[in-house]
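What follows is one structure encoded as structure tokens, with my remarks underneath.
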Amino acid sequence: MIALIAFFAIYGLAVRTEIGQHADEAALVGGQSAPERAHSGADRLLRFVSVGSLGAAVIALGALAWLWRRPWLIILPAVIVGLCLAATELFKLVIFTRPDLWPSTLNGNSYPSGHTAIATSLGLSSVLIAPDRWRGIVAVAAALFAGGVGILVVTADWHRPSDPLGSYALCLAITAAVVAIIGARWPNEVAEASVDGRAPPSATALARRLELAAIGAGALLFVGAVLVAALRYGPDVAWNRPHAAFLGSIAAILVAAGIAVAGLVRILPAGSPGARPLS
């Protein structure tokens with residue numbers, strides 16, 4: 001519920017207000033001053049995200065579910081990825097509109113980001129099917145993957161910074177809903193963490209570590225980018241608000257990706273949703 005509220009709140013602030021559109025555009029303008037090889041590299045990487053690569057990734061996750069002795073979860077990645085991508089395109093192309101409150105280099109509504117939704121849903125699916133002993137490593141990889149794609153879509157000038165933020169919130173809301181449905185329909189598949197329904201200490205601790213790591217990584221990314229630019233280009237860098245807005249946006253994207261993955265980890269009791277033995 002919180003993730004869904006955040007999804008609509010980001011849209012209301014970033015898309016439906018002048019100050020939100022101004023902030024998004026400032027970050028885009030700042031990103032356009034990045035070296036051309038950064039733009040072209042981001043563009044090339046994003047073009048790998050196609051229907052074929054998406055299908056291959058879903059099949060790979062299904063295979064991992066089987067190898068991890070969770071064959072009843074094979075179909076789950078396809079369901080989550082399909083729902084997230086369909087919802088993203090529905091909101092972006094049909095439901096949401098973008099008023100013309102501030103001049104932009106991108107035309108029309110771009111909220112939320114489809115590429116980021118694909119990466120996030122794949123990452124959340126991998127966390128969901130992972131065994132408990134691997135969940136921490138998988139969660140970190142999922143956050144880095146989702147955050148990396150979110151940064152790429154902004155660097156390539158494909159999306160505004162608010163777009164990947166919305167994708168993180170929407171994908172978390174959908175995945176959490178799927179987990180809730182599984183728990184209600186097949187209660188034996190989801191182990192109860194405690195009487196009051198809270199996540200076990202191990203899951204809560206993992207989520208907190210992931211959140212702190214995401215915040216720390218975002219701060220290091222911001223400071224590191226400033227230091228590298230200052231050391232390499234020195235006085236040739238004309239620091240201004242757009243530069244700061246761009247660096248701040250990519251840091252926020254990385255932090256938001258980590259928080260989204262941590263949000264899923266927090267609601268998964270130990271052994272869920274694959275607590276059933278093969279026999």
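Ordered as shown in the structure tokens, chains take letters A, B, and onward, while each chain numbers its residues from 1 and ligands are numbered from 1 in the order shown.
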At most 10 Å is the cut-off: for each residue in range 92-177 of chain A with any atom that close to an atom of range 51-59 of chain A, write down the nearest atom pair and the distance in Å rounded to one decimal, counting only C-alpha atoms, chain first then increasing number, as a tab-separated table.
residue	atom	partner	partner_atom	distance
A:Ile118	CA	A:Leu54	CA	7.7
A:Ala119	CA	A:Leu54	CA	9.1
A:Leu122	CA	A:Val58	CA	7.4
A:Ser125	CA	A:Val58	CA	9.1
A:Ser126	CA	A:Val58	CA	9.6
For CA of Ala27 in chain A and CA of Ala86 in chain A, determine how far apart the two atoms are, in Å to one decimal place.
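Taking CA of Ala27 in chain A as the start and CA of Ala86 in chain A as the end point, the length is 27.4 Å.
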Which residue is closest to Leu85 in chain A? Choose from A:Leu152, A:Ile137, A:Ala117, A:Leu247 and count only C-alpha atoms.
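Result for the nearest residue to Leu85 in chain A: A:Ala117.
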Which residues, written as a PyMOL selection string, have at least one atom at most 12 Å from Ser249 in chain A, with only C-alpha atoms counted and residues fewer than 4 positions away on the same chain left out?
chain A and resi 23-31+147+150-155+159-165+218-219+221-222+241-245+253-256
Just to be explicit: take each residue in the selection above, keep C-alpha atoms, and write the result as a PDB file, in the first residue's frame.
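Heads up, here's the output in selection_36.pdb:
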ATOM      1  CA  ALA A  23      13.440  19.645 -11.237  1.00  0.00           C
ATOM      2  CA  ASP A  24      13.164  16.780 -13.717  1.00  0.00           C
ATOM      3  CA  GLU A  25      14.202  19.006 -16.608  1.00  0.00           C
ATOM      4  CA  ALA A  26      17.139  20.439 -14.663  1.00  0.00           C
ATOM      5  CA  ALA A  27      18.470  16.919 -14.138  1.00  0.00           C
ATOM      6  CA  LEU A  28      18.025  16.127 -17.837  1.00  0.00           C
ATOM      7  CA  VAL A  29      19.904  19.267 -18.854  1.00  0.00           C
ATOM      8  CA  GLY A  30      22.690  18.429 -16.416  1.00  0.00           C
ATOM      9  CA  GLY A  31      22.939  14.916 -17.825  1.00  0.00           C
ATOM     10  CA  GLY A 147      19.387   0.976 -10.052  1.00  0.00           C
ATOM     11  CA  GLY A 150      17.316   3.470 -13.890  1.00  0.00           C
ATOM     12  CA  ILE A 151      20.515   5.503 -14.152  1.00  0.00           C
ATOM     13  CA  LEU A 152      21.036   4.410 -17.761  1.00  0.00           C
ATOM     14  CA  VAL A 153      17.599   5.560 -18.960  1.00  0.00           C
ATOM     15  CA  VAL A 154      18.279   9.029 -17.560  1.00  0.00           C
ATOM     16  CA  THR A 155      21.865   9.169 -18.837  1.00  0.00           C
ATOM     17  CA  HIS A 159      13.530   9.236 -19.396  1.00  0.00           C
ATOM     18  CA  ARG A 160      13.202  11.882 -16.744  1.00  0.00           C
ATOM     19  CA  PRO A 161      14.552  10.986 -13.270  1.00  0.00           C
ATOM     20  CA  SER A 162      11.070  10.625 -11.779  1.00  0.00           C
ATOM     21  CA  ASP A 163      10.232   7.866 -14.274  1.00  0.00           C
ATOM     22  CA  PRO A 164      12.469   5.124 -12.790  1.00  0.00           C
ATOM     23  CA  LEU A 165      11.429   6.197  -9.293  1.00  0.00           C
ATOM     24  CA  GLY A 218      24.022   6.796  -3.403  1.00  0.00           C
ATOM     25  CA  ALA A 219      26.036   9.215  -1.297  1.00  0.00           C
ATOM     26  CA  LEU A 221      28.149   7.899  -6.094  1.00  0.00           C
ATOM     27  CA  PHE A 222      27.286  11.578  -5.735  1.00  0.00           C
ATOM     28  CA  ARG A 241      22.337  23.619 -10.638  1.00  0.00           C
ATOM     29  CA  PRO A 242      21.623  21.260 -13.567  1.00  0.00           C
ATOM     30  CA  HIS A 243      24.859  19.383 -12.853  1.00  0.00           C
ATOM     31  CA  ALA A 244      23.913  19.044  -9.205  1.00  0.00           C
ATOM     32  CA  ALA A 245      20.367  18.036 -10.153  1.00  0.00           C
ATOM     33  CA  ILE A 253      17.630   6.462  -8.244  1.00  0.00           C
ATOM     34  CA  LEU A 254      20.214   4.113  -6.740  1.00  0.00           C
ATOM     35  CA  VAL A 255      18.849   4.680  -3.232  1.00  0.00           C
ATOM     36  CA  ALA A 256      15.255   4.121  -4.380  1.00  0.00           C
TER      37      ALA A 256
END
